[in-house]
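K.L.:
One structure follows; several queries about it will come next.
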Amino acid sequence: NAGVTQTPKFRVLKTGQSMTLLCAQDMNHEYMYWYRQDPGMGLRLIHYSVGEGTTAKGEVPDGYNVSRLKKQNFLLGLESAAPSQTSVYFCASTRTSGGFETQYFGPGTRLLVL
Amino acid sequence: GENVEQHPSTLSVQEGDSAVIKCTYSDSASNYFPWYKQELGKGPQLIIDIRSNVGEKKDQRIAVTLNKTAKHFSLHITETQPEDSAVYFCAASILGGLTGGGNKLTFGTGTQLKVEL
């Protein structure tokens, strides 16, 4: 099992450009999450999905969109990138929400918006 | 919403010494407290967790304590080794706290632990 993988690992964008970050998991997990990590601020939840075809907003959703067309994939889109979106983005997944399920994190995507 | 504070932001110890990282949370409804270790260039990895009905949990050199009354929990690493050097994050969660049933983790700001030889 590869676990949680993220593509790309690193990307540089110019302000106003768009891009999509891909998260894939091979553990048949129902729940998937997108976080951003900024210095001195820990990880903050952007969007999450409780199953195929469903998405919901997290703590900091503005400027991002997501889609979960397949159970194993969770896409994070930036329609018009801004310098404030420079960050490291992590995807995570859990089998269910029941109990105290471990969140498995991917290796991250480092994004620089100029 | 939940707010988690974590101290210290950096911690340097000698190999073999103990390290303690402390976190406080604000929402008394939080009932799950995981700790994550993040090595350079990697995603966070769960190292230990504790539920609100337990006061202490130990796993080899790592232990976590929880004081629900004071709303704080701590990570204890004994006999530290160079491979323990990493950033450690605490988090607090309310089971099913997200719409749809997902668990919302609120993270602390992280502690950079350096174990010196």
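Identifiers in the structure tokens: chain A, B, ... in order shown; residue index from 1 per chain; ligand index from 1 in order shown.
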For chain B against chain A, which residues fall within 9 Å using only C-alpha atoms, given as a list in words?
P.N.:
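So the residues of chain B near chain A are Ser9, Tyr32, Pro34, Gly41, Lys42, Gly43, Pro44, Gln45, Leu46, Asp49, Arg51, Phe89, Leu95, Gly96, Leu98, Thr99, Gly100, Gly101, Gly102, Asn103, Lys104, Leu105, Thr106, Phe107, Gly108, Thr109 and Gly110 of chain B.
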K.L.:
Residues of region 3-37 of chain A classed as strand (DSSP E or B) by DSSP on the backbone are to be reported as a PyMOL selection string.
P.N.:
chain A and resi 4-7+10-13+19-25+31-37
K.L.:
Can you list, as a list in words, every protein, DNA or RNA residue that comes within 7 Å of Tyr88 (chain B) when you count only C-alpha atoms, leaving out same-chain residues fewer than 5 positions away?
P.N.:
Tyr36, Lys37, Gln38, Gly110, Thr111 and Gln112 of chain B
K.L.:
Which residues come within 7 Å of region 71-82 of chain A, counting only C-alpha atoms, excluding same-chain residues fewer than 2 positions away, as a list of chain:residue names?
P.N.:
A:Thr15, A:Gly16, A:Gln17, A:Ser18, A:Met19, A:Thr20, A:Leu21, A:Leu22, A:Cys23, A:Ala24, A:Gln25, A:Asp26, A:Asn28, A:Glu30, A:Met32, A:Gly51, A:Glu52, A:Gly63, A:Tyr64, A:Asn65, A:Val66, A:Ser67, A:Arg68, A:Leu69, A:Ser84, A:Gln85, A:Val113
